[in-house]
Amino acid sequence: MKSFPELSTRSYKGRISGFQSLGTLDGPGVRSVVFGVGCPLRCAYCHNPETWSEKGEETTAGELADRILRFRPYTVRGGATFGGGEPLVQAKFFTALARLLKADGMHIALDTSANVEGADVDELVSLIDLAIVDVKFASEEEYKKYTGGSLVLVKKFLDKLAALGKRVWIRQVTVPGLNDTESDVLRLREVIEPYKDIIDRVELLPFRKLCLEKYEQLGIPFPFASVPEADGKDVERLNALVVL
């Protein structure tokens, strides 16, 4: 393991809600996945309400980098993924962490809803290799209604990624009765079509309700408790329509 002399970078503090040492779903290869806390959105179908609060395990960039690099023999063909919550809320912290990991040549992915702006975000984005962008809906009206966020910000983020030549995965959760028709999927395709040169993968993910216990423990009502889970075969069919 390499040692890092940048004391100020190593000592930068942040908060996380969880850590997965050998993830296989959050970017290419086997990866260490860091889940930050804090999120500007309140998606009606959010699966991680415990990350809304900015409370969590306090750590430093150096401590977390050391933790991640312990698994380096397993992630040499993968890397590290910053997720959440929304990692852009703690852009300075994840920038510090990214600098330490990039010193070891590690591939960095950012799993984001792309609804945070600023110079700190720009700095972090300049260091990543892959952005996994959750394009939640294909219209500004739906974004505001079901997430409190903005499709305009997502497009601006994708513009930034395109200008930097970053690679992108697009994801969207398919919710029955909300965005599960062929028309919905074709509208999503229309939104992301201008960025096809940087997009390596588009994935529709089926809505699930494994989060119900989390809401119960937090004493928060789950807005979509009565919505049925998405049928896997239907989502597979829709996935074929959104391929660029």
# chains A, B, ... in the order shown; residues from 1 in each chain; ligands from 1
$ residues_around --residues "Ser113 of chain A" --least-positions-apart "3" --cutoff "10 Å" --atoms "only C-alpha atoms" --output "ChimeraX atom specification"
/A:39-41,83-88,110,116,131-136,149-151,153-154,157,171
$ write_last_selection --atoms "N, CA and C atoms" --output "mmCIF file, in the first residue's frame"
data_model
loop_
_atom_site.group_PDB
_atom_site.id
_atom_site.type_symbol
_atom_site.label_atom_id
_atom_site.label_comp_id
_atom_site.auth_asym_id
_atom_site.auth_seq_id
_atom_site.Cartn_x
_atom_site.Cartn_y
_atom_site.Cartn_z
ATOM 1 N N CYS A 39 -28.726 14.410 1.030
ATOM 2 C CA CYS A 39 -29.286 14.394 -0.317
ATOM 3 C C CYS A 39 -30.245 15.568 -0.466
ATOM 4 N N PRO A 40 -30.162 16.308 -1.579
ATOM 5 C CA PRO A 40 -31.060 17.448 -1.776
ATOM 6 C C PRO A 40 -32.439 17.034 -2.275
ATOM 7 N N LEU A 41 -32.588 15.783 -2.723
ATOM 8 C CA LEU A 41 -33.858 15.317 -3.269
ATOM 9 C C LEU A 41 -34.665 14.567 -2.215
ATOM 10 N N GLY A 83 -21.168 6.742 -3.713
ATOM 11 C CA GLY A 83 -22.612 6.838 -3.847
ATOM 12 C C GLY A 83 -23.227 7.492 -2.624
ATOM 13 N N GLY A 84 -24.502 7.201 -2.392
ATOM 14 C CA GLY A 84 -25.141 7.843 -1.245
ATOM 15 C C GLY A 84 -26.509 7.278 -0.969
ATOM 16 N N GLY A 85 -27.408 8.138 -0.489
ATOM 17 C CA GLY A 85 -27.333 9.580 -0.467
ATOM 18 C C GLY A 85 -26.824 10.157 -1.786
ATOM 19 N N GLU A 86 -26.348 11.375 -1.679
ATOM 20 C CA GLU A 86 -25.809 12.076 -2.839
ATOM 21 C C GLU A 86 -24.381 12.517 -2.518
ATOM 22 N N PRO A 87 -23.376 11.893 -3.145
ATOM 23 C CA PRO A 87 -21.993 12.239 -2.830
ATOM 24 C C PRO A 87 -21.620 13.673 -3.167
ATOM 25 N N LEU A 88 -22.327 14.299 -4.097
ATOM 26 C CA LEU A 88 -22.000 15.676 -4.458
ATOM 27 C C LEU A 88 -22.269 16.650 -3.316
ATOM 28 N N LEU A 110 -18.656 7.700 -9.893
ATOM 29 C CA LEU A 110 -19.533 8.561 -9.093
ATOM 30 C C LEU A 110 -20.978 8.221 -9.406
ATOM 31 N N VAL A 116 -26.679 18.775 -7.869
ATOM 32 C CA VAL A 116 -25.884 19.703 -7.067
ATOM 33 C C VAL A 116 -24.866 20.362 -7.993
ATOM 34 N N ALA A 131 -19.274 8.318 -14.528
ATOM 35 C CA ALA A 131 -20.423 8.847 -13.797
ATOM 36 C C ALA A 131 -21.619 7.936 -14.047
ATOM 37 N N ILE A 132 -22.213 7.435 -12.977
ATOM 38 C CA ILE A 132 -23.451 6.664 -13.066
ATOM 39 C C ILE A 132 -24.573 7.636 -12.718
ATOM 40 N N VAL A 133 -25.284 8.104 -13.738
ATOM 41 C CA VAL A 133 -26.244 9.197 -13.568
ATOM 42 C C VAL A 133 -27.663 8.649 -13.546
ATOM 43 N N ASP A 134 -28.365 8.929 -12.459
ATOM 44 C CA ASP A 134 -29.753 8.504 -12.301
ATOM 45 C C ASP A 134 -30.658 9.582 -12.896
ATOM 46 N N VAL A 135 -31.133 9.323 -14.116
ATOM 47 C CA VAL A 135 -32.065 10.245 -14.774
ATOM 48 C C VAL A 135 -33.463 9.782 -14.386
ATOM 49 N N LYS A 136 -34.016 10.367 -13.365
ATOM 50 C CA LYS A 136 -35.203 9.819 -12.717
ATOM 51 C C LYS A 136 -36.468 9.924 -13.554
ATOM 52 N N GLY A 149 -36.503 17.727 -7.483
ATOM 53 C CA GLY A 149 -35.302 18.109 -8.210
ATOM 54 C C GLY A 149 -35.584 18.652 -9.597
ATOM 55 N N SER A 150 -34.558 18.644 -10.440
ATOM 56 C CA SER A 150 -34.681 19.294 -11.751
ATOM 57 C C SER A 150 -33.969 18.498 -12.841
ATOM 58 N N LEU A 151 -34.669 18.258 -13.931
ATOM 59 C CA LEU A 151 -34.065 17.644 -15.108
ATOM 60 C C LEU A 151 -33.080 18.609 -15.767
ATOM 61 N N LEU A 153 -30.932 20.491 -14.305
ATOM 62 C CA LEU A 153 -29.631 20.303 -13.666
ATOM 63 C C LEU A 153 -28.952 19.022 -14.153
ATOM 64 N N VAL A 154 -29.745 17.989 -14.386
ATOM 65 C CA VAL A 154 -29.187 16.736 -14.895
ATOM 66 C C VAL A 154 -28.567 16.955 -16.269
ATOM 67 N N PHE A 157 -25.349 18.755 -16.023
ATOM 68 C CA PHE A 157 -24.315 17.853 -15.532
ATOM 69 C C PHE A 157 -23.802 16.973 -16.671
ATOM 70 N N ARG A 171 -29.017 5.392 -15.531
ATOM 71 C CA ARG A 171 -29.943 4.494 -14.844
ATOM 72 C C ARG A 171 -31.267 5.212 -14.580
#
$ select_by_dssp --residues "segment 189-229 of chain A" --states "strand (DSSP E)" --output "list in words"
Ile199, Asp200, Arg201, Val202, Glu203, Leu204, Leu205 and Pro206 of chain A
$ closest_residue --among "A:Lys145, A:Tyr195, A:Arg67, A:Ala114" --to "Arg42 of chain A" --atoms "only C-alpha atoms"
A:Lys145
$ atom_distance --atom1 "atom CA of Val242 of chain A" --atom2 "atom CA of Glu190 of chain A"
9.1 Å
$ select_by_dssp --residues "segment 4-229 of chain A" --states "alpha helix (DSSP H)" --output "PDB file with C-alpha atoms, in the first residue's frame"
ATOM      1  CA  LEU A   7      -1.620  15.666   5.367  1.00  0.00           C
ATOM      2  CA  SER A   8      -4.372  18.219   4.715  1.00  0.00           C
ATOM      3  CA  THR A   9      -5.958  15.937   2.127  1.00  0.00           C
ATOM      4  CA  ARG A  10      -5.777  12.886   4.386  1.00  0.00           C
ATOM      5  CA  ALA A  61     -10.311  10.866   3.624  1.00  0.00           C
ATOM      6  CA  GLY A  62      -7.080   9.214   4.732  1.00  0.00           C
ATOM      7  CA  GLU A  63      -8.794   6.653   6.957  1.00  0.00           C
ATOM      8  CA  LEU A  64     -11.266   5.772   4.237  1.00  0.00           C
ATOM      9  CA  ALA A  65      -8.565   5.582   1.554  1.00  0.00           C
ATOM     10  CA  ASP A  66      -6.602   3.152   3.740  1.00  0.00           C
ATOM     11  CA  ARG A  67      -9.751   1.081   4.234  1.00  0.00           C
ATOM     12  CA  ILE A  68     -10.435   0.966   0.498  1.00  0.00           C
ATOM     13  CA  LEU A  69      -6.839   0.142  -0.419  1.00  0.00           C
ATOM     14  CA  ARG A  72      -6.950  -3.361  -3.678  1.00  0.00           C
ATOM     15  CA  PRO A  73      -5.884  -6.930  -4.632  1.00  0.00           C
ATOM     16  CA  TYR A  74      -9.567  -7.702  -5.322  1.00  0.00           C
ATOM     17  CA  THR A  75     -10.445  -4.418  -7.044  1.00  0.00           C
ATOM     18  CA  ALA A  91     -17.939  17.138  -2.895  1.00  0.00           C
ATOM     19  CA  LYS A  92     -14.873  18.464  -1.034  1.00  0.00           C
ATOM     20  CA  PHE A  93     -14.585  15.303   1.051  1.00  0.00           C
ATOM     21  CA  PHE A  94     -14.966  12.980  -1.931  1.00  0.00           C
ATOM     22  CA  THR A  95     -12.488  15.100  -3.897  1.00  0.00           C
ATOM     23  CA  ALA A  96      -9.933  14.560  -1.137  1.00  0.00           C
ATOM     24  CA  LEU A  97     -10.672  10.830  -1.169  1.00  0.00           C
ATOM     25  CA  ALA A  98     -10.473  10.678  -4.968  1.00  0.00           C
ATOM     26  CA  ARG A  99      -7.062  12.361  -4.965  1.00  0.00           C
ATOM     27  CA  LEU A 100      -5.689   9.759  -2.565  1.00  0.00           C
ATOM     28  CA  LEU A 101      -7.109   6.848  -4.545  1.00  0.00           C
ATOM     29  CA  LYS A 102      -6.025   8.245  -7.918  1.00  0.00           C
ATOM     30  CA  ALA A 119     -16.922  24.711  -8.116  1.00  0.00           C
ATOM     31  CA  ASP A 120     -16.440  21.885  -5.592  1.00  0.00           C
ATOM     32  CA  VAL A 121     -18.564  19.605  -7.771  1.00  0.00           C
ATOM     33  CA  ASP A 122     -16.574  20.597 -10.859  1.00  0.00           C
ATOM     34  CA  GLU A 123     -13.323  19.667  -9.124  1.00  0.00           C
ATOM     35  CA  LEU A 124     -14.621  16.255  -8.102  1.00  0.00           C
ATOM     36  CA  VAL A 125     -15.995  15.536 -11.571  1.00  0.00           C
ATOM     37  CA  SER A 126     -12.611  16.343 -13.102  1.00  0.00           C
ATOM     38  CA  LEU A 127     -11.103  13.415 -11.161  1.00  0.00           C
ATOM     39  CA  GLU A 140     -39.143  18.811 -15.585  1.00  0.00           C
ATOM     40  CA  GLU A 141     -42.718  18.571 -14.284  1.00  0.00           C
ATOM     41  CA  GLU A 142     -42.292  14.959 -13.137  1.00  0.00           C
ATOM     42  CA  TYR A 143     -38.922  15.727 -11.587  1.00  0.00           C
ATOM     43  CA  LYS A 144     -40.353  18.493  -9.422  1.00  0.00           C
ATOM     44  CA  LYS A 145     -43.452  16.499  -8.487  1.00  0.00           C
ATOM     45  CA  TYR A 146     -41.812  13.216  -7.495  1.00  0.00           C
ATOM     46  CA  LEU A 151     -34.065  17.644 -15.108  1.00  0.00           C
ATOM     47  CA  VAL A 152     -32.421  20.896 -16.200  1.00  0.00           C
ATOM     48  CA  LEU A 153     -29.631  20.303 -13.666  1.00  0.00           C
ATOM     49  CA  VAL A 154     -29.187  16.736 -14.895  1.00  0.00           C
ATOM     50  CA  LYS A 155     -28.752  17.944 -18.469  1.00  0.00           C
ATOM     51  CA  LYS A 156     -26.237  20.572 -17.348  1.00  0.00           C
ATOM     52  CA  PHE A 157     -24.315  17.853 -15.532  1.00  0.00           C
ATOM     53  CA  LEU A 158     -24.323  15.652 -18.630  1.00  0.00           C
ATOM     54  CA  ASP A 159     -23.099  18.635 -20.667  1.00  0.00           C
ATOM     55  CA  LYS A 160     -20.197  18.968 -18.224  1.00  0.00           C
ATOM     56  CA  LEU A 161     -19.360  15.272 -18.521  1.00  0.00           C
ATOM     57  CA  ALA A 162     -19.458  15.480 -22.307  1.00  0.00           C
ATOM     58  CA  ALA A 163     -17.124  18.484 -22.333  1.00  0.00           C
ATOM     59  CA  LEU A 164     -14.635  16.553 -20.193  1.00  0.00           C
ATOM     60  CA  GLU A 182     -43.048   2.519 -23.998  1.00  0.00           C
ATOM     61  CA  SER A 183     -43.794   6.219 -24.399  1.00  0.00           C
ATOM     62  CA  ASP A 184     -42.011   6.967 -21.102  1.00  0.00           C
ATOM     63  CA  VAL A 185     -38.957   5.001 -22.154  1.00  0.00           C
ATOM     64  CA  LEU A 186     -38.808   6.657 -25.563  1.00  0.00           C
ATOM     65  CA  ARG A 187     -38.974  10.072 -23.867  1.00  0.00           C
ATOM     66  CA  LEU A 188     -36.003   9.045 -21.701  1.00  0.00           C
ATOM     67  CA  ARG A 189     -34.158   7.953 -24.812  1.00  0.00           C
ATOM     68  CA  GLU A 190     -34.847  11.354 -26.363  1.00  0.00           C
ATOM     69  CA  VAL A 191     -33.369  13.091 -23.302  1.00  0.00           C
ATOM     70  CA  ILE A 192     -30.121  11.114 -23.357  1.00  0.00           C
ATOM     71  CA  LEU A 212     -40.212  -0.608   3.764  1.00  0.00           C
ATOM     72  CA  GLU A 213     -38.498  -1.717   6.969  1.00  0.00           C
ATOM     73  CA  LYS A 214     -36.212   1.325   6.848  1.00  0.00           C
ATOM     74  CA  TYR A 215     -39.195   3.678   6.663  1.00  0.00           C
ATOM     75  CA  GLU A 216     -40.882   1.873   9.550  1.00  0.00           C
ATOM     76  CA  GLN A 217     -37.759   2.114  11.695  1.00  0.00           C
ATOM     77  CA  LEU A 218     -37.452   5.832  10.957  1.00  0.00           C
TER      78      LEU A 218
END
$ residues_around --residues "Asp234 of chain A" --least-positions-apart "5" --cutoff "10 Å" --atoms "only C-alpha atoms" --output "list in words"
Thr174, Pro176, Asp180, Thr181, Pro206 and Asn239 of chain A
$ closest_residue --among "A:Ser32, A:Ser53, A:Gln172, A:Ser11" --to "Val76 of chain A" --atoms "only C-alpha atoms"
A:Ser32
$ closest_residue --among "A:Thr147, A:Gln90, A:Asn115, A:Ser17" --to "Pro223 of chain A" --atoms "only C-alpha atoms"
A:Thr147
$ decode --residues "segment 170-220 of chain A" --atoms "N, CA and C atoms" --output "PDB file, in the first residue's frame"
ATOM      1  N   ILE A 170     -26.220   5.439 -17.643  1.00  0.00           N
ATOM      2  CA  ILE A 170     -27.512   6.036 -17.310  1.00  0.00           C
ATOM      3  C   ILE A 170     -28.380   4.987 -16.623  1.00  0.00           C
ATOM      4  N   ARG A 171     -29.017   5.392 -15.531  1.00  0.00           N
ATOM      5  CA  ARG A 171     -29.943   4.494 -14.844  1.00  0.00           C
ATOM      6  C   ARG A 171     -31.267   5.212 -14.580  1.00  0.00           C
ATOM      7  N   GLN A 172     -32.323   4.410 -14.496  1.00  0.00           N
ATOM      8  CA  GLN A 172     -33.630   4.921 -14.091  1.00  0.00           C
ATOM      9  C   GLN A 172     -34.414   3.786 -13.449  1.00  0.00           C
ATOM     10  N   VAL A 173     -35.081   4.096 -12.349  1.00  0.00           N
ATOM     11  CA  VAL A 173     -35.949   3.117 -11.697  1.00  0.00           C
ATOM     12  C   VAL A 173     -37.307   3.143 -12.393  1.00  0.00           C
ATOM     13  N   THR A 174     -37.770   1.976 -12.819  1.00  0.00           N
ATOM     14  CA  THR A 174     -39.066   1.859 -13.487  1.00  0.00           C
ATOM     15  C   THR A 174     -40.144   1.587 -12.451  1.00  0.00           C
ATOM     16  N   VAL A 175     -41.076   2.545 -12.308  1.00  0.00           N
ATOM     17  CA  VAL A 175     -42.143   2.455 -11.305  1.00  0.00           C
ATOM     18  C   VAL A 175     -43.489   2.255 -12.012  1.00  0.00           C
ATOM     19  N   PRO A 176     -44.188   1.177 -11.689  1.00  0.00           N
ATOM     20  CA  PRO A 176     -45.495   0.932 -12.326  1.00  0.00           C
ATOM     21  C   PRO A 176     -46.438   2.121 -12.175  1.00  0.00           C
ATOM     22  N   GLY A 177     -47.048   2.504 -13.300  1.00  0.00           N
ATOM     23  CA  GLY A 177     -48.005   3.605 -13.287  1.00  0.00           C
ATOM     24  C   GLY A 177     -47.375   4.977 -13.321  1.00  0.00           C
ATOM     25  N   LEU A 178     -46.049   5.022 -13.321  1.00  0.00           N
ATOM     26  CA  LEU A 178     -45.366   6.321 -13.265  1.00  0.00           C
ATOM     27  C   LEU A 178     -44.500   6.557 -14.503  1.00  0.00           C
ATOM     28  N   ASN A 179     -43.636   5.607 -14.815  1.00  0.00           N
ATOM     29  CA  ASN A 179     -42.741   5.775 -15.960  1.00  0.00           C
ATOM     30  C   ASN A 179     -42.459   4.428 -16.636  1.00  0.00           C
ATOM     31  N   ASP A 180     -43.501   3.600 -16.705  1.00  0.00           N
ATOM     32  CA  ASP A 180     -43.304   2.217 -17.162  1.00  0.00           C
ATOM     33  C   ASP A 180     -43.926   1.906 -18.528  1.00  0.00           C
ATOM     34  N   THR A 181     -44.228   2.926 -19.313  1.00  0.00           N
ATOM     35  CA  THR A 181     -44.788   2.682 -20.647  1.00  0.00           C
ATOM     36  C   THR A 181     -43.709   2.855 -21.710  1.00  0.00           C
ATOM     37  N   GLU A 182     -43.987   2.343 -22.894  1.00  0.00           N
ATOM     38  CA  GLU A 182     -43.048   2.519 -23.998  1.00  0.00           C
ATOM     39  C   GLU A 182     -42.838   3.995 -24.291  1.00  0.00           C
ATOM     40  N   SER A 183     -43.898   4.782 -24.175  1.00  0.00           N
ATOM     41  CA  SER A 183     -43.794   6.219 -24.399  1.00  0.00           C
ATOM     42  C   SER A 183     -42.831   6.859 -23.405  1.00  0.00           C
ATOM     43  N   ASP A 184     -42.907   6.429 -22.132  1.00  0.00           N
ATOM     44  CA  ASP A 184     -42.011   6.967 -21.102  1.00  0.00           C
ATOM     45  C   ASP A 184     -40.561   6.655 -21.444  1.00  0.00           C
ATOM     46  N   VAL A 185     -40.318   5.432 -21.851  1.00  0.00           N
ATOM     47  CA  VAL A 185     -38.957   5.001 -22.154  1.00  0.00           C
ATOM     48  C   VAL A 185     -38.415   5.736 -23.374  1.00  0.00           C
ATOM     49  N   LEU A 186     -39.254   5.948 -24.371  1.00  0.00           N
ATOM     50  CA  LEU A 186     -38.808   6.657 -25.563  1.00  0.00           C
ATOM     51  C   LEU A 186     -38.515   8.126 -25.247  1.00  0.00           C
ATOM     52  N   ARG A 187     -39.264   8.694 -24.296  1.00  0.00           N
ATOM     53  CA  ARG A 187     -38.974  10.072 -23.867  1.00  0.00           C
ATOM     54  C   ARG A 187     -37.615  10.129 -23.160  1.00  0.00           C
ATOM     55  N   LEU A 188     -37.316   9.110 -22.347  1.00  0.00           N
ATOM     56  CA  LEU A 188     -36.003   9.045 -21.701  1.00  0.00           C
ATOM     57  C   LEU A 188     -34.907   8.947 -22.762  1.00  0.00           C
ATOM     58  N   ARG A 189     -35.146   8.104 -23.739  1.00  0.00           N
ATOM     59  CA  ARG A 189     -34.158   7.953 -24.812  1.00  0.00           C
ATOM     60  C   ARG A 189     -33.919   9.289 -25.511  1.00  0.00           C
ATOM     61  N   GLU A 190     -34.976  10.048 -25.708  1.00  0.00           N
ATOM     62  CA  GLU A 190     -34.847  11.354 -26.363  1.00  0.00           C
ATOM     63  C   GLU A 190     -33.991  12.301 -25.532  1.00  0.00           C
ATOM     64  N   VAL A 191     -34.145  12.228 -24.192  1.00  0.00           N
ATOM     65  CA  VAL A 191     -33.369  13.091 -23.302  1.00  0.00           C
ATOM     66  C   VAL A 191     -31.877  12.783 -23.388  1.00  0.00           C
ATOM     67  N   ILE A 192     -31.530  11.497 -23.428  1.00  0.00           N
ATOM     68  CA  ILE A 192     -30.121  11.114 -23.357  1.00  0.00           C
ATOM     69  C   ILE A 192     -29.452  10.955 -24.722  1.00  0.00           C
ATOM     70  N   GLU A 193     -30.229  10.964 -25.790  1.00  0.00           N
ATOM     71  CA  GLU A 193     -29.700  10.777 -27.145  1.00  0.00           C
ATOM     72  C   GLU A 193     -28.545  11.733 -27.467  1.00  0.00           C
ATOM     73  N   PRO A 194     -28.625  13.022 -27.078  1.00  0.00           N
ATOM     74  CA  PRO A 194     -27.526  13.933 -27.418  1.00  0.00           C
ATOM     75  C   PRO A 194     -26.187  13.545 -26.787  1.00  0.00           C
ATOM     76  N   TYR A 195     -26.218  12.667 -25.791  1.00  0.00           N
ATOM     77  CA  TYR A 195     -24.998  12.302 -25.072  1.00  0.00           C
ATOM     78  C   TYR A 195     -24.533  10.876 -25.397  1.00  0.00           C
ATOM     79  N   LYS A 196     -25.028  10.329 -26.494  1.00  0.00           N
ATOM     80  CA  LYS A 196     -24.769   8.920 -26.794  1.00  0.00           C
ATOM     81  C   LYS A 196     -23.287   8.609 -26.972  1.00  0.00           C
ATOM     82  N   ASP A 197     -22.494   9.607 -27.357  1.00  0.00           N
ATOM     83  CA  ASP A 197     -21.071   9.366 -27.589  1.00  0.00           C
ATOM     84  C   ASP A 197     -20.313   9.064 -26.299  1.00  0.00           C
ATOM     85  N   ILE A 198     -20.854   9.488 -25.156  1.00  0.00           N
ATOM     86  CA  ILE A 198     -20.161   9.230 -23.884  1.00  0.00           C
ATOM     87  C   ILE A 198     -20.872   8.170 -23.047  1.00  0.00           C
ATOM     88  N   ILE A 199     -22.047   7.717 -23.488  1.00  0.00           N
ATOM     89  CA  ILE A 199     -22.826   6.753 -22.715  1.00  0.00           C
ATOM     90  C   ILE A 199     -22.445   5.328 -23.109  1.00  0.00           C
ATOM     91  N   ASP A 200     -21.999   4.559 -22.120  1.00  0.00           N
ATOM     92  CA  ASP A 200     -21.620   3.165 -22.354  1.00  0.00           C
ATOM     93  C   ASP A 200     -22.724   2.178 -22.014  1.00  0.00           C
ATOM     94  N   ARG A 201     -23.665   2.595 -21.176  1.00  0.00           N
ATOM     95  CA  ARG A 201     -24.702   1.664 -20.731  1.00  0.00           C
ATOM     96  C   ARG A 201     -25.939   2.446 -20.297  1.00  0.00           C
ATOM     97  N   VAL A 202     -27.119   1.888 -20.612  1.00  0.00           N
ATOM     98  CA  VAL A 202     -28.390   2.426 -20.113  1.00  0.00           C
ATOM     99  C   VAL A 202     -29.130   1.284 -19.437  1.00  0.00           C
ATOM    100  N   GLU A 203     -29.545   1.500 -18.197  1.00  0.00           N
ATOM    101  CA  GLU A 203     -30.187   0.445 -17.418  1.00  0.00           C
ATOM    102  C   GLU A 203     -31.487   0.944 -16.794  1.00  0.00           C
ATOM    103  N   LEU A 204     -32.566   0.234 -17.054  1.00  0.00           N
ATOM    104  CA  LEU A 204     -33.810   0.449 -16.326  1.00  0.00           C
ATOM    105  C   LEU A 204     -33.846  -0.577 -15.192  1.00  0.00           C
ATOM    106  N   LEU A 205     -34.081  -0.113 -13.983  1.00  0.00           N
ATOM    107  CA  LEU A 205     -34.080  -0.987 -12.809  1.00  0.00           C
ATOM    108  C   LEU A 205     -35.494  -1.109 -12.264  1.00  0.00           C
ATOM    109  N   PRO A 206     -35.950  -2.304 -11.939  1.00  0.00           N
ATOM    110  CA  PRO A 206     -37.322  -2.477 -11.451  1.00  0.00           C
ATOM    111  C   PRO A 206     -37.538  -1.915 -10.056  1.00  0.00           C
ATOM    112  N   PHE A 207     -38.625  -1.200  -9.869  1.00  0.00           N
ATOM    113  CA  PHE A 207     -39.024  -0.687  -8.561  1.00  0.00           C
ATOM    114  C   PHE A 207     -39.258  -1.840  -7.596  1.00  0.00           C
ATOM    115  N   ARG A 208     -38.629  -1.765  -6.428  1.00  0.00           N
ATOM    116  CA  ARG A 208     -38.785  -2.763  -5.374  1.00  0.00           C
ATOM    117  C   ARG A 208     -39.129  -2.064  -4.064  1.00  0.00           C
ATOM    118  N   LYS A 209     -39.625  -2.822  -3.098  1.00  0.00           N
ATOM    119  CA  LYS A 209     -40.025  -2.243  -1.817  1.00  0.00           C
ATOM    120  C   LYS A 209     -39.272  -2.872  -0.649  1.00  0.00           C
ATOM    121  N   LEU A 210     -38.015  -3.209  -0.871  1.00  0.00           N
ATOM    122  CA  LEU A 210     -37.188  -3.749   0.197  1.00  0.00           C
ATOM    123  C   LEU A 210     -36.896  -2.694   1.262  1.00  0.00           C
ATOM    124  N   CYS A 211     -37.200  -1.443   0.943  1.00  0.00           N
ATOM    125  CA  CYS A 211     -36.917  -0.331   1.848  1.00  0.00           C
ATOM    126  C   CYS A 211     -37.991  -0.123   2.912  1.00  0.00           C
ATOM    127  N   LEU A 212     -39.091  -0.848   2.848  1.00  0.00           N
ATOM    128  CA  LEU A 212     -40.212  -0.608   3.764  1.00  0.00           C
ATOM    129  C   LEU A 212     -39.796  -0.644   5.224  1.00  0.00           C
ATOM    130  N   GLU A 213     -38.937  -1.594   5.572  1.00  0.00           N
ATOM    131  CA  GLU A 213     -38.498  -1.717   6.969  1.00  0.00           C
ATOM    132  C   GLU A 213     -37.738  -0.481   7.425  1.00  0.00           C
ATOM    133  N   LYS A 214     -36.955   0.109   6.509  1.00  0.00           N
ATOM    134  CA  LYS A 214     -36.212   1.325   6.848  1.00  0.00           C
ATOM    135  C   LYS A 214     -37.166   2.460   7.205  1.00  0.00           C
ATOM    136  N   TYR A 215     -38.220   2.620   6.396  1.00  0.00           N
ATOM    137  CA  TYR A 215     -39.195   3.678   6.663  1.00  0.00           C
ATOM    138  C   TYR A 215     -39.895   3.451   8.013  1.00  0.00           C
ATOM    139  N   GLU A 216     -40.230   2.200   8.276  1.00  0.00           N
ATOM    140  CA  GLU A 216     -40.882   1.873   9.550  1.00  0.00           C
ATOM    141  C   GLU A 216     -39.977   2.190  10.728  1.00  0.00           C
ATOM    142  N   GLN A 217     -38.700   1.853  10.617  1.00  0.00           N
ATOM    143  CA  GLN A 217     -37.759   2.114  11.695  1.00  0.00           C
ATOM    144  C   GLN A 217     -37.562   3.606  11.929  1.00  0.00           C
ATOM    145  N   LEU A 218     -37.625   4.382  10.855  1.00  0.00           N
ATOM    146  CA  LEU A 218     -37.452   5.832  10.957  1.00  0.00           C
ATOM    147  C   LEU A 218     -38.750   6.557  11.290  1.00  0.00           C
ATOM    148  N   GLY A 219     -39.869   5.821  11.264  1.00  0.00           N
ATOM    149  CA  GLY A 219     -41.162   6.439  11.533  1.00  0.00           C
ATOM    150  C   GLY A 219     -41.612   7.374  10.439  1.00  0.00           C
ATOM    151  N   ILE A 220     -41.205   7.056   9.194  1.00  0.00           N
ATOM    152  CA  ILE A 220     -41.541   7.884   8.030  1.00  0.00           C
ATOM    153  C   ILE A 220     -42.480   7.092   7.127  1.00  0.00           C
TER     154      ILE A 220
END
